Amino acid sequence: MRFLTTSRKVLFSGLLALGALGLSAAPARAQEVPVAVNHTALYVYDLGKSTAFYRDVMNLQEIPEPFKDGKHVWFRTGPHSQLHIIQGAARVEDHDINTHMAFRVKDLPAFMAHLNQTKVRYGAWKGEEKLTTVRPDGIKQVYLQDPDNFWLEVNDDKF
């Protein structure tokens, strides 16, 4: 340690002490602290329109929400994940397609037929209506927008 400066000696001694206690200055690795999506929250302009869209177009199941204030609606999006839509946005704004939520369906052509029946516009990544985009991994996808212009991807991933 005679070649270390005073500040480096203090740092080195501190790291040795942490090591002796079984502690590490390095952050925990990801597999030691698993993270999973719990919910996504969207601030919407018209709660009624958004509720109808996610229930009737996206076929999401509405679930109880604890606020009971008429400003929140929650939907199940997976075994352990939810979508929370919240009334209060001042206006509907444009959003870039690069920022989107992605959902998967077992039968993409059937979902596209459902979109046709409900008269919801959808299309490929570049905007070609009623067409799919094929990702480099072979997954087919379509894009659509909710009443607040939030982009949604719907794909046929089998994961």
# chains A, B, ... in the order shown; residues from 1 in each chain; ligands from 1
call {"tool": "residues_around", "arguments": {"residues": "stretch 120-124 of chain A", "least_positions_apart": "3", "cutoff": "8 Å", "atoms": "only C-alpha atoms", "output": "list in words"}}
result
Val57, Leu115, Asn116, Gln117, Gly127, Glu128, Glu129, Lys130, Leu131, Thr132, Thr133, Gln141, Val142, Tyr143, Leu144 and Gln145 of chain A
call {"tool": "select_by_dssp", "arguments": {"residues": "stretch 58-154 of chain A", "states": "strand (DSSP E or B)", "output": "PyMOL selection string"}}
result
chain A and resi 61-63+72-78+81-87+100-104+122-123+129+133-134+140-145+151-154
call {"tool": "write_last_selection", "arguments": {"atoms": "N, CA, C and O atoms", "output": "compact mmCIF listing (two decimals), in the first residue's frame"}}
result
# COMPACT_ATOMS: atom_id res chain seq x y z
N GLN A 61 -59.80 -6.98 -20.09
CA GLN A 61 -60.75 -7.18 -19.00
C GLN A 61 -60.62 -6.06 -17.98
O GLN A 61 -59.52 -5.83 -17.45
N GLU A 62 -61.71 -5.36 -17.71
CA GLU A 62 -61.70 -4.33 -16.67
C GLU A 62 -61.63 -5.01 -15.31
O GLU A 62 -62.27 -6.04 -15.08
N ILE A 63 -60.82 -4.45 -14.41
CA ILE A 63 -60.65 -5.00 -13.07
C ILE A 63 -60.94 -3.91 -12.04
O ILE A 63 -60.89 -2.72 -12.37
N HIS A 72 -60.45 6.89 -12.75
CA HIS A 72 -59.52 5.79 -13.00
C HIS A 72 -60.29 4.57 -13.51
O HIS A 72 -61.36 4.26 -13.01
N VAL A 73 -59.70 3.89 -14.49
CA VAL A 73 -60.19 2.58 -14.92
C VAL A 73 -58.96 1.70 -15.10
O VAL A 73 -57.96 2.13 -15.69
N TRP A 74 -59.03 0.50 -14.55
CA TRP A 74 -57.91 -0.44 -14.64
C TRP A 74 -58.31 -1.64 -15.48
O TRP A 74 -59.44 -2.11 -15.43
N PHE A 75 -57.32 -2.15 -16.24
CA PHE A 75 -57.51 -3.33 -17.07
C PHE A 75 -56.40 -4.33 -16.80
O PHE A 75 -55.26 -3.96 -16.52
N ARG A 76 -56.72 -5.61 -16.94
CA ARG A 76 -55.72 -6.68 -16.86
C ARG A 76 -55.04 -6.75 -18.21
O ARG A 76 -55.69 -6.77 -19.25
N THR A 77 -53.70 -6.76 -18.23
CA THR A 77 -52.96 -6.89 -19.48
C THR A 77 -52.10 -8.15 -19.52
O THR A 77 -51.49 -8.44 -20.53
N GLY A 78 -52.05 -8.86 -18.44
CA GLY A 78 -51.28 -10.10 -18.36
C GLY A 78 -51.51 -10.71 -16.99
O GLY A 78 -52.22 -10.13 -16.15
N SER A 81 -49.90 -8.06 -14.71
CA SER A 81 -49.70 -6.68 -15.19
C SER A 81 -51.04 -6.05 -15.54
O SER A 81 -52.00 -6.74 -15.86
N GLN A 82 -51.04 -4.72 -15.46
CA GLN A 82 -52.27 -3.97 -15.64
C GLN A 82 -52.01 -2.72 -16.48
O GLN A 82 -50.89 -2.24 -16.58
N LEU A 83 -53.11 -2.17 -17.01
CA LEU A 83 -53.11 -0.86 -17.65
C LEU A 83 -54.04 0.01 -16.82
O LEU A 83 -55.19 -0.37 -16.56
N HIS A 84 -53.53 1.15 -16.38
CA HIS A 84 -54.34 2.11 -15.64
C HIS A 84 -54.56 3.32 -16.53
O HIS A 84 -53.60 3.93 -16.99
N ILE A 85 -55.82 3.64 -16.81
CA ILE A 85 -56.09 4.86 -17.57
C ILE A 85 -56.70 5.86 -16.59
O ILE A 85 -57.53 5.52 -15.75
N ILE A 86 -56.24 7.11 -16.71
CA ILE A 86 -56.57 8.14 -15.73
C ILE A 86 -57.07 9.37 -16.45
O ILE A 86 -56.39 9.91 -17.33
N GLN A 87 -58.26 9.82 -16.08
CA GLN A 87 -58.86 11.03 -16.64
C GLN A 87 -58.07 12.26 -16.19
O GLN A 87 -57.68 12.35 -15.04
N HIS A 100 -44.48 3.18 -27.93
CA HIS A 100 -45.71 2.40 -28.02
C HIS A 100 -45.73 1.28 -27.00
O HIS A 100 -44.68 0.88 -26.48
N MET A 101 -46.92 0.79 -26.70
CA MET A 101 -47.09 -0.43 -25.92
C MET A 101 -47.31 -1.56 -26.91
O MET A 101 -47.91 -1.34 -27.97
N ALA A 102 -46.86 -2.75 -26.57
CA ALA A 102 -47.04 -3.89 -27.46
C ALA A 102 -47.84 -4.99 -26.75
O ALA A 102 -47.58 -5.30 -25.59
N PHE A 103 -48.81 -5.51 -27.47
CA PHE A 103 -49.63 -6.61 -27.01
C PHE A 103 -49.47 -7.76 -27.98
O PHE A 103 -49.15 -7.55 -29.14
N ARG A 104 -49.71 -8.98 -27.52
CA ARG A 104 -49.66 -10.11 -28.42
C ARG A 104 -51.02 -10.79 -28.43
O ARG A 104 -51.75 -10.76 -27.45
N TYR A 122 -55.71 0.63 -38.73
CA TYR A 122 -54.47 -0.02 -38.32
C TYR A 122 -53.62 -0.22 -39.56
O TYR A 122 -54.10 -0.09 -40.69
N GLY A 123 -52.37 -0.53 -39.34
CA GLY A 123 -51.50 -0.79 -40.48
C GLY A 123 -50.10 -1.18 -40.07
O GLY A 123 -49.82 -1.45 -38.90
N GLU A 129 -52.02 1.02 -44.68
CA GLU A 129 -53.23 0.57 -44.00
C GLU A 129 -53.51 -0.91 -44.23
O GLU A 129 -53.30 -1.43 -45.33
N THR A 133 -46.39 -5.67 -40.61
CA THR A 133 -44.94 -5.55 -40.72
C THR A 133 -44.38 -6.85 -40.17
O THR A 133 -44.88 -7.37 -39.16
N VAL A 134 -43.34 -7.38 -40.79
CA VAL A 134 -42.68 -8.58 -40.27
C VAL A 134 -41.35 -8.14 -39.68
O VAL A 134 -40.50 -7.57 -40.38
N LYS A 140 -45.06 -11.10 -36.83
CA LYS A 140 -45.90 -10.16 -37.59
C LYS A 140 -46.55 -9.20 -36.61
O LYS A 140 -46.94 -9.58 -35.49
N GLN A 141 -46.72 -7.95 -37.06
CA GLN A 141 -47.27 -6.93 -36.19
C GLN A 141 -48.08 -5.91 -36.97
O GLN A 141 -47.82 -5.70 -38.17
N VAL A 142 -49.04 -5.29 -36.29
CA VAL A 142 -49.78 -4.15 -36.81
C VAL A 142 -49.75 -3.06 -35.75
O VAL A 142 -49.49 -3.33 -34.57
N TYR A 143 -50.01 -1.84 -36.20
CA TYR A 143 -50.01 -0.67 -35.31
C TYR A 143 -51.33 0.06 -35.42
O TYR A 143 -51.90 0.17 -36.51
N LEU A 144 -51.81 0.55 -34.29
CA LEU A 144 -53.03 1.35 -34.25
C LEU A 144 -52.89 2.38 -33.13
O LEU A 144 -51.95 2.30 -32.34
N GLN A 145 -53.82 3.32 -33.11
CA GLN A 145 -53.79 4.35 -32.07
C GLN A 145 -55.07 4.34 -31.27
O GLN A 145 -56.15 4.09 -31.80
N TRP A 151 -49.78 5.05 -29.42
CA TRP A 151 -49.57 3.96 -30.36
C TRP A 151 -49.55 2.63 -29.65
O TRP A 151 -48.98 2.48 -28.57
N LEU A 152 -50.16 1.64 -30.29
CA LEU A 152 -50.18 0.27 -29.81
C LEU A 152 -49.71 -0.65 -30.92
O LEU A 152 -50.11 -0.49 -32.07
N GLU A 153 -48.87 -1.57 -30.56
CA GLU A 153 -48.46 -2.64 -31.48
C GLU A 153 -49.22 -3.89 -31.03
O GLU A 153 -49.33 -4.16 -29.85
N VAL A 154 -49.72 -4.64 -32.00
CA VAL A 154 -50.32 -5.94 -31.70
C VAL A 154 -49.60 -6.93 -32.60
O VAL A 154 -49.50 -6.73 -33.82
call {"tool": "select_by_dssp", "arguments": {"residues": "stretch 4-147 of chain A", "states": "helix (DSSP H, G or I)", "output": "ChimeraX atom specification"}}
result
/A:6-20,30-32,47-57,108-117
call {"tool": "atom_distance", "arguments": {"atom1": "atom CA of A:Asp96", "atom2": "atom CA of A:Thr40"}}
result
17.4 Å
call {"tool": "closest_residue", "arguments": {"among": "A:Val92, A:Val33, A:Phe111, A:Lys126", "to": "A:Leu47", "atoms": "only C-alpha atoms"}}
result
A:Val92
call {"tool": "closest_residue", "arguments": {"among": "A:Asn38, A:Asn149, A:Gln31, A:Asn155", "to": "A:Arg91", "atoms": "only C-alpha atoms"}}
result
A:Asn149
call {"tool": "atom_distance", "arguments": {"atom1": "atom CA of A:Ala36", "atom2": "atom CA of A:His95"}}
result
25.0 Å
call {"tool": "atom_distance", "arguments": {"atom1": "atom CA of A:Gly88", "atom2": "atom CA of A:Pro66"}}
result
17.4 Å
